[in-house]
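*Asks:* This is my_file_34.cif (mmCIF, all heavy atoms).
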```cif
data_final
#
loop_
_atom_site.label_atom_id
_atom_site.label_comp_id
_atom_site.auth_asym_id
_atom_site.auth_seq_id
_atom_site.Cartn_x
_atom_site.Cartn_y
_atom_site.Cartn_z
N MET A 1 0.86 -1.17 0.00
CA MET A 1 0.00 0.00 0.00
C MET A 1 0.90 1.23 0.00
O MET A 1 1.91 1.27 0.69
CB MET A 1 -0.88 -0.02 1.25
CG MET A 1 -1.72 1.22 1.41
SD MET A 1 -2.72 1.29 2.91
CE MET A 1 -3.53 -0.27 2.88
N HIS A 2 0.51 2.21 -0.77
CA HIS A 2 1.27 3.45 -0.81
C HIS A 2 1.22 4.12 0.56
O HIS A 2 0.16 4.16 1.20
CB HIS A 2 0.68 4.38 -1.89
CG HIS A 2 1.56 5.54 -2.18
ND1 HIS A 2 1.60 6.65 -1.38
CD2 HIS A 2 2.44 5.74 -3.18
CE1 HIS A 2 2.47 7.51 -1.88
NE2 HIS A 2 2.99 6.98 -2.97
N PRO A 3 2.34 4.64 1.06
CA PRO A 3 2.37 5.27 2.39
C PRO A 3 1.37 6.40 2.58
O PRO A 3 0.83 6.58 3.67
CB PRO A 3 3.80 5.80 2.51
CG PRO A 3 4.59 4.95 1.58
CD PRO A 3 3.67 4.60 0.45
N LYS A 4 1.06 7.14 1.53
CA LYS A 4 0.09 8.24 1.65
C LYS A 4 -1.29 7.69 1.99
O LYS A 4 -2.01 8.25 2.82
CB LYS A 4 0.06 9.05 0.34
CG LYS A 4 -0.95 10.17 0.34
CD LYS A 4 -0.61 11.25 1.34
CE LYS A 4 -1.59 12.40 1.24
NZ LYS A 4 -1.61 13.22 2.42
N ILE A 5 -1.66 6.60 1.35
CA ILE A 5 -2.96 5.98 1.61
C ILE A 5 -3.00 5.44 3.04
O ILE A 5 -3.98 5.64 3.77
CB ILE A 5 -3.25 4.85 0.60
CG1 ILE A 5 -3.23 5.38 -0.84
CG2 ILE A 5 -4.58 4.16 0.92
CD1 ILE A 5 -4.20 6.50 -1.12
N ALA A 6 -1.93 4.78 3.45
CA ALA A 6 -1.86 4.26 4.82
C ALA A 6 -1.97 5.40 5.82
O ALA A 6 -2.68 5.30 6.82
CB ALA A 6 -0.56 3.48 5.02
N SER A 7 -1.27 6.49 5.56
CA SER A 7 -1.29 7.65 6.44
C SER A 7 -2.70 8.19 6.61
O SER A 7 -3.15 8.48 7.72
CB SER A 7 -0.37 8.74 5.88
OG SER A 7 -0.39 9.89 6.68
N GLU A 8 -3.40 8.32 5.49
CA GLU A 8 -4.78 8.83 5.55
C GLU A 8 -5.69 7.88 6.31
O GLU A 8 -6.49 8.30 7.14
CB GLU A 8 -5.31 9.04 4.13
CG GLU A 8 -4.65 10.20 3.43
CD GLU A 8 -5.07 10.33 1.97
OE1 GLU A 8 -5.89 9.51 1.49
OE2 GLU A 8 -4.57 11.26 1.30
N ARG A 9 -5.56 6.59 6.05
CA ARG A 9 -6.43 5.61 6.72
C ARG A 9 -6.14 5.52 8.21
O ARG A 9 -7.04 5.24 9.01
CB ARG A 9 -6.28 4.24 6.08
CG ARG A 9 -6.87 4.22 4.69
CD ARG A 9 -7.04 2.81 4.19
NE ARG A 9 -7.78 2.83 2.95
CZ ARG A 9 -9.04 2.42 2.84
NH1 ARG A 9 -9.69 1.97 3.87
NH2 ARG A 9 -9.65 2.47 1.68
N LEU A 10 -4.89 5.73 8.60
CA LEU A 10 -4.53 5.68 10.01
C LEU A 10 -4.83 6.99 10.74
O LEU A 10 -4.74 7.06 11.95
CB LEU A 10 -3.04 5.34 10.16
CG LEU A 10 -2.67 3.91 9.74
CD1 LEU A 10 -1.15 3.78 9.63
CD2 LEU A 10 -3.23 2.90 10.72
N GLY A 11 -5.15 8.03 9.98
CA GLY A 11 -5.49 9.31 10.58
C GLY A 11 -4.30 10.14 11.00
O GLY A 11 -4.42 11.03 11.84
N HIS A 12 -3.12 9.85 10.44
CA HIS A 12 -1.94 10.64 10.77
C HIS A 12 -2.00 11.99 10.07
O HIS A 12 -2.48 12.10 8.94
CB HIS A 12 -0.68 9.89 10.34
CG HIS A 12 -0.48 8.61 11.09
ND1 HIS A 12 0.30 7.59 10.62
CD2 HIS A 12 -0.96 8.18 12.29
CE1 HIS A 12 0.30 6.60 11.47
NE2 HIS A 12 -0.47 6.92 12.50
N SER A 13 -1.50 13.01 10.74
CA SER A 13 -1.56 14.36 10.17
C SER A 13 -0.57 14.56 9.03
O SER A 13 -0.78 15.41 8.17
CB SER A 13 -1.32 15.40 11.27
OG SER A 13 -0.05 15.21 11.87
N THR A 14 0.51 13.77 9.02
CA THR A 14 1.49 13.86 7.93
C THR A 14 1.96 12.47 7.55
O THR A 14 1.93 11.54 8.36
CB THR A 14 2.74 14.69 8.31
OG1 THR A 14 3.47 13.99 9.31
CG2 THR A 14 2.36 16.08 8.81
N ILE A 15 2.42 12.35 6.32
CA ILE A 15 2.95 11.07 5.86
C ILE A 15 4.25 10.74 6.60
O ILE A 15 4.59 9.58 6.80
CB ILE A 15 3.15 11.08 4.33
CG1 ILE A 15 3.38 9.67 3.81
CG2 ILE A 15 4.26 12.00 3.92
CD1 ILE A 15 3.39 9.57 2.30
N GLY A 16 4.95 11.78 7.04
CA GLY A 16 6.20 11.57 7.78
C GLY A 16 5.99 10.76 9.05
O GLY A 16 6.83 9.94 9.42
N ILE A 17 4.89 11.02 9.73
CA ILE A 17 4.58 10.27 10.95
C ILE A 17 4.43 8.79 10.61
O ILE A 17 5.00 7.91 11.28
CB ILE A 17 3.30 10.80 11.62
CG1 ILE A 17 3.55 12.20 12.17
CG2 ILE A 17 2.81 9.85 12.71
CD1 ILE A 17 2.30 12.91 12.65
N THR A 18 3.69 8.50 9.58
CA THR A 18 3.47 7.12 9.16
C THR A 18 4.79 6.45 8.80
O THR A 18 5.07 5.32 9.22
CB THR A 18 2.51 7.06 7.96
OG1 THR A 18 1.34 7.80 8.28
CG2 THR A 18 2.14 5.63 7.61
N LEU A 19 5.61 7.14 8.02
CA LEU A 19 6.88 6.56 7.60
C LEU A 19 7.81 6.33 8.79
O LEU A 19 8.52 5.32 8.84
CB LEU A 19 7.54 7.45 6.55
CG LEU A 19 6.80 7.50 5.22
CD1 LEU A 19 7.43 8.54 4.29
CD2 LEU A 19 6.77 6.14 4.56
N GLU A 20 7.83 7.25 9.73
CA GLU A 20 8.66 7.06 10.92
C GLU A 20 8.21 5.87 11.75
O GLU A 20 9.02 5.09 12.23
CB GLU A 20 8.63 8.32 11.80
CG GLU A 20 9.70 9.32 11.47
CD GLU A 20 9.77 10.43 12.50
OE1 GLU A 20 9.86 10.11 13.71
OE2 GLU A 20 9.74 11.58 12.09
N LEU A 21 6.90 5.76 11.92
CA LEU A 21 6.36 4.71 12.77
C LEU A 21 6.43 3.32 12.15
O LEU A 21 6.63 2.33 12.86
CB LEU A 21 4.90 5.02 13.14
CG LEU A 21 4.68 6.19 14.07
CD1 LEU A 21 3.19 6.50 14.18
CD2 LEU A 21 5.26 5.90 15.44
N TYR A 22 6.25 3.23 10.84
CA TYR A 22 6.08 1.93 10.23
C TYR A 22 7.14 1.54 9.20
O TYR A 22 7.04 0.46 8.61
CB TYR A 22 4.69 1.83 9.58
CG TYR A 22 3.60 1.96 10.60
CD1 TYR A 22 2.87 3.13 10.73
CD2 TYR A 22 3.31 0.91 11.46
CE1 TYR A 22 1.87 3.26 11.68
CE2 TYR A 22 2.32 1.02 12.42
CZ TYR A 22 1.60 2.20 12.52
OH TYR A 22 0.62 2.33 13.47
N SER A 23 8.15 2.34 8.98
CA SER A 23 9.15 2.00 7.96
C SER A 23 9.88 0.71 8.29
O SER A 23 10.30 -0.02 7.39
CB SER A 23 10.14 3.14 7.76
OG SER A 23 10.85 3.40 8.95
N HIS A 24 10.03 0.39 9.57
CA HIS A 24 10.69 -0.87 9.95
C HIS A 24 9.87 -2.08 9.52
O HIS A 24 10.40 -3.17 9.38
CB HIS A 24 10.88 -0.92 11.46
CG HIS A 24 9.58 -1.06 12.21
ND1 HIS A 24 8.73 0.01 12.43
CD2 HIS A 24 8.95 -2.15 12.72
CE1 HIS A 24 7.65 -0.42 13.08
NE2 HIS A 24 7.76 -1.72 13.26
N ALA A 25 8.59 -1.89 9.30
CA ALA A 25 7.71 -3.00 8.94
C ALA A 25 7.67 -3.25 7.44
O ALA A 25 6.95 -4.11 6.98
CB ALA A 25 6.30 -2.71 9.45
N MET A 26 8.49 -2.51 6.67
CA MET A 26 8.47 -2.64 5.22
C MET A 26 9.85 -2.99 4.64
O MET A 26 10.32 -2.35 3.72
CB MET A 26 7.98 -1.33 4.60
CG MET A 26 6.57 -0.94 5.02
SD MET A 26 6.01 0.58 4.25
CE MET A 26 6.42 1.77 5.52
N PRO A 27 10.52 -4.02 5.18
CA PRO A 27 11.86 -4.34 4.68
C PRO A 27 11.86 -4.81 3.23
O PRO A 27 12.86 -4.67 2.54
CB PRO A 27 12.34 -5.45 5.62
CG PRO A 27 11.10 -6.06 6.16
CD PRO A 27 10.11 -4.92 6.23
N ALA A 28 10.76 -5.33 2.76
CA ALA A 28 10.70 -5.80 1.37
C ALA A 28 10.81 -4.65 0.37
O ALA A 28 11.12 -4.88 -0.80
CB ALA A 28 9.42 -6.58 1.14
N MET A 29 10.57 -3.43 0.82
CA MET A 29 10.64 -2.29 -0.09
C MET A 29 12.05 -2.12 -0.65
O MET A 29 12.22 -1.79 -1.83
CB MET A 29 10.19 -1.01 0.61
CG MET A 29 8.70 -0.98 0.91
SD MET A 29 8.19 0.50 1.77
CE MET A 29 8.42 1.73 0.51
N GLN A 30 13.09 -2.34 0.17
CA GLN A 30 14.47 -2.22 -0.31
C GLN A 30 14.75 -3.28 -1.37
O GLN A 30 15.36 -2.98 -2.40
CB GLN A 30 15.46 -2.35 0.85
CG GLN A 30 15.51 -1.15 1.75
CD GLN A 30 16.15 0.06 1.08
OE1 GLN A 30 16.74 0.00 0.00
NE2 GLN A 30 16.01 1.20 1.73
N ALA A 31 14.32 -4.50 -1.11
CA ALA A 31 14.55 -5.58 -2.07
C ALA A 31 13.81 -5.30 -3.37
O ALA A 31 14.35 -5.50 -4.46
CB ALA A 31 14.11 -6.91 -1.48
N ASN A 32 12.58 -4.82 -3.26
CA ASN A 32 11.79 -4.50 -4.45
C ASN A 32 12.45 -3.39 -5.25
O ASN A 32 12.53 -3.46 -6.49
CB ASN A 32 10.37 -4.12 -4.04
CG ASN A 32 9.50 -3.84 -5.24
OD1 ASN A 32 9.42 -2.70 -5.69
ND2 ASN A 32 8.84 -4.87 -5.74
N ALA A 33 12.94 -2.36 -4.58
CA ALA A 33 13.61 -1.25 -5.27
C ALA A 33 14.86 -1.74 -5.97
O ALA A 33 15.13 -1.37 -7.12
CB ALA A 33 13.96 -0.14 -4.28
N ALA A 34 15.63 -2.60 -5.31
CA ALA A 34 16.84 -3.14 -5.92
C ALA A 34 16.52 -3.97 -7.16
O ALA A 34 17.21 -3.87 -8.18
CB ALA A 34 17.60 -3.98 -4.90
N GLU A 35 15.47 -4.76 -7.09
CA GLU A 35 15.05 -5.56 -8.24
C GLU A 35 14.64 -4.68 -9.41
O GLU A 35 14.96 -4.97 -10.56
CB GLU A 35 13.91 -6.48 -7.84
CG GLU A 35 14.34 -7.61 -6.92
CD GLU A 35 13.16 -8.38 -6.34
OE1 GLU A 35 12.00 -8.14 -6.75
OE2 GLU A 35 13.39 -9.23 -5.47
N GLN A 36 13.92 -3.59 -9.11
CA GLN A 36 13.47 -2.69 -10.18
C GLN A 36 14.66 -1.99 -10.85
O GLN A 36 14.70 -1.87 -12.08
CB GLN A 36 12.50 -1.65 -9.64
CG GLN A 36 11.15 -2.21 -9.31
CD GLN A 36 10.19 -1.13 -8.86
OE1 GLN A 36 10.22 0.00 -9.35
NE2 GLN A 36 9.32 -1.46 -7.92
N VAL A 37 15.62 -1.54 -10.05
CA VAL A 37 16.79 -0.88 -10.60
C VAL A 37 17.61 -1.88 -11.42
O VAL A 37 18.05 -1.57 -12.53
CB VAL A 37 17.65 -0.24 -9.49
CG1 VAL A 37 18.99 0.23 -10.03
CG2 VAL A 37 16.90 0.91 -8.85
N ASP A 38 17.78 -3.08 -10.90
CA ASP A 38 18.52 -4.12 -11.62
C ASP A 38 17.87 -4.42 -12.96
O ASP A 38 18.54 -4.48 -13.99
CB ASP A 38 18.60 -5.38 -10.76
CG ASP A 38 19.44 -6.47 -11.41
OD1 ASP A 38 20.61 -6.19 -11.76
OD2 ASP A 38 18.92 -7.59 -11.58
N ALA A 39 16.56 -4.59 -12.95
CA ALA A 39 15.84 -4.88 -14.19
C ALA A 39 15.96 -3.73 -15.18
O ALA A 39 16.13 -3.95 -16.39
CB ALA A 39 14.37 -5.18 -13.89
N ALA A 40 15.89 -2.50 -14.67
CA ALA A 40 15.99 -1.34 -15.55
C ALA A 40 17.37 -1.24 -16.17
O ALA A 40 17.51 -0.93 -17.36
CB ALA A 40 15.66 -0.06 -14.78
N ILE A 41 18.39 -1.50 -15.38
CA ILE A 41 19.76 -1.45 -15.91
C ILE A 41 19.94 -2.51 -16.98
O ILE A 41 20.49 -2.24 -18.05
CB ILE A 41 20.79 -1.63 -14.77
CG1 ILE A 41 20.79 -0.39 -13.88
CG2 ILE A 41 22.19 -1.90 -15.32
CD1 ILE A 41 21.58 -0.53 -12.60
N LYS A 42 19.46 -3.71 -16.70
CA LYS A 42 19.58 -4.79 -17.68
C LYS A 42 18.80 -4.48 -18.95
O LYS A 42 19.19 -4.87 -20.04
CB LYS A 42 19.09 -6.09 -17.06
CG LYS A 42 20.06 -6.64 -16.04
CD LYS A 42 19.54 -7.91 -15.40
CE LYS A 42 20.55 -8.42 -14.39
NZ LYS A 42 20.02 -9.57 -13.62
N ALA A 43 17.69 -3.77 -18.82
CA ALA A 43 16.88 -3.42 -19.98
C ALA A 43 17.37 -2.15 -20.66
O ALA A 43 16.90 -1.79 -21.73
CB ALA A 43 15.42 -3.25 -19.56
N GLY A 44 18.29 -1.42 -20.00
CA GLY A 44 18.83 -0.21 -20.59
C GLY A 44 17.89 0.97 -20.56
O GLY A 44 17.89 1.79 -21.46
N LYS A 45 17.08 1.06 -19.51
CA LYS A 45 16.15 2.17 -19.41
C LYS A 45 16.06 2.64 -17.97
O LYS A 45 16.56 1.99 -17.06
CB LYS A 45 14.77 1.77 -19.91
CG LYS A 45 14.15 0.64 -19.13
CD LYS A 45 12.79 0.26 -19.69
CE LYS A 45 12.18 -0.88 -18.88
NZ LYS A 45 10.89 -1.29 -19.37
N LYS A 46 15.41 3.80 -17.78
CA LYS A 46 15.23 4.35 -16.43
C LYS A 46 14.18 3.55 -15.68
O LYS A 46 13.19 3.13 -16.26
CB LYS A 46 14.80 5.81 -16.50
CG LYS A 46 15.86 6.73 -17.05
CD LYS A 46 15.39 8.16 -17.02
CE LYS A 46 16.44 9.09 -17.59
NZ LYS A 46 16.00 10.47 -17.60
N PRO A 47 14.38 3.35 -14.34
CA PRO A 47 13.39 2.62 -13.55
C PRO A 47 12.12 3.44 -13.34
O PRO A 47 12.17 4.67 -13.28
CB PRO A 47 14.09 2.37 -12.22
CG PRO A 47 15.12 3.44 -12.12
CD PRO A 47 15.53 3.74 -13.56
N ALA A 48 11.01 2.76 -13.22
CA ALA A 48 9.74 3.43 -12.88
C ALA A 48 9.74 3.71 -11.41
O ALA A 48 9.91 2.81 -10.60
CB ALA A 48 8.56 2.54 -13.27
N ILE A 49 9.56 4.96 -11.02
CA ILE A 49 9.54 5.34 -9.62
C ILE A 49 8.08 5.34 -9.16
O ILE A 49 7.23 5.98 -9.76
CB ILE A 49 10.15 6.74 -9.41
CG1 ILE A 49 11.56 6.79 -9.98
CG2 ILE A 49 10.12 7.11 -7.93
CD1 ILE A 49 12.55 5.85 -9.33
N GLU A 50 7.83 4.64 -8.05
CA GLU A 50 6.47 4.58 -7.51
C GLU A 50 6.34 5.49 -6.33
O GLU A 50 7.16 5.69 -5.55
CB GLU A 50 6.13 3.16 -7.10
CG GLU A 50 6.04 2.25 -8.31
CD GLU A 50 5.60 0.85 -7.90
OE1 GLU A 50 4.83 0.71 -6.94
OE2 GLU A 50 6.04 -0.07 -8.56
#
```
Would you put the structure from the file into structure tokens?

*Replies:*
Amino acid sequence: MHPKIASERLGHSTIGITLELYSHAMPAMQANAAEQVDAAIKAGKKPAIE
């Protein structure tokens, strides 16, 4: 889920609060980002930023 959506659903006043509180719970995001960059390099194009 996009952090902005999570922030709104949790009722946080800023997305920063959500990211500070829950970033430890999203370790797969680093692996996913690395896979996207790797695939983009292999394909010879810029990665899609989400």

*Asks:* For segment 22-39 of chain A, what centre and edge lengths in Å (one decimal) does the axis-aligned box get once 4 Å is added on each side of all its listed atoms, as AutoDock Vina command-line options?

*Replies:*
```
--center_x 10.6 --center_y -2.9 --center_z -1.5 --size_x 28.0 --size_y 20.6 --size_z 37.9
```

*Asks:* I need the helix (DSSP H, G or I) residues of chain A per DSSP on the backbone, written as a ChimeraX atom specification.

*Replies:* /A:3-10,15-25,28-43

*Asks:* Would you work out the distance separating atom CB of Ser7 of chain A from atom CE of Met26 of chain A, expressed in Å to one decimal?

*Replies:* 9.7 Å

*Asks:* What does the distance from atom CA of Leu19 of chain A to atom CA of His2 of chain A come to in Å, to one decimal?

*Replies:*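 Answer for the atom CA of Leu19 of chain A to atom CA of His2 of chain A separation: 10.6 Å.
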
*Asks:* In Å, with one decimal, what is the gap from atom N of Glu20 of chain A to atom CB of Ile41 of chain A?

*Replies:*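 Spanning atom N of Glu20 of chain A to atom CB of Ile41 of chain A is a straight-line distance of 29.1 Å.
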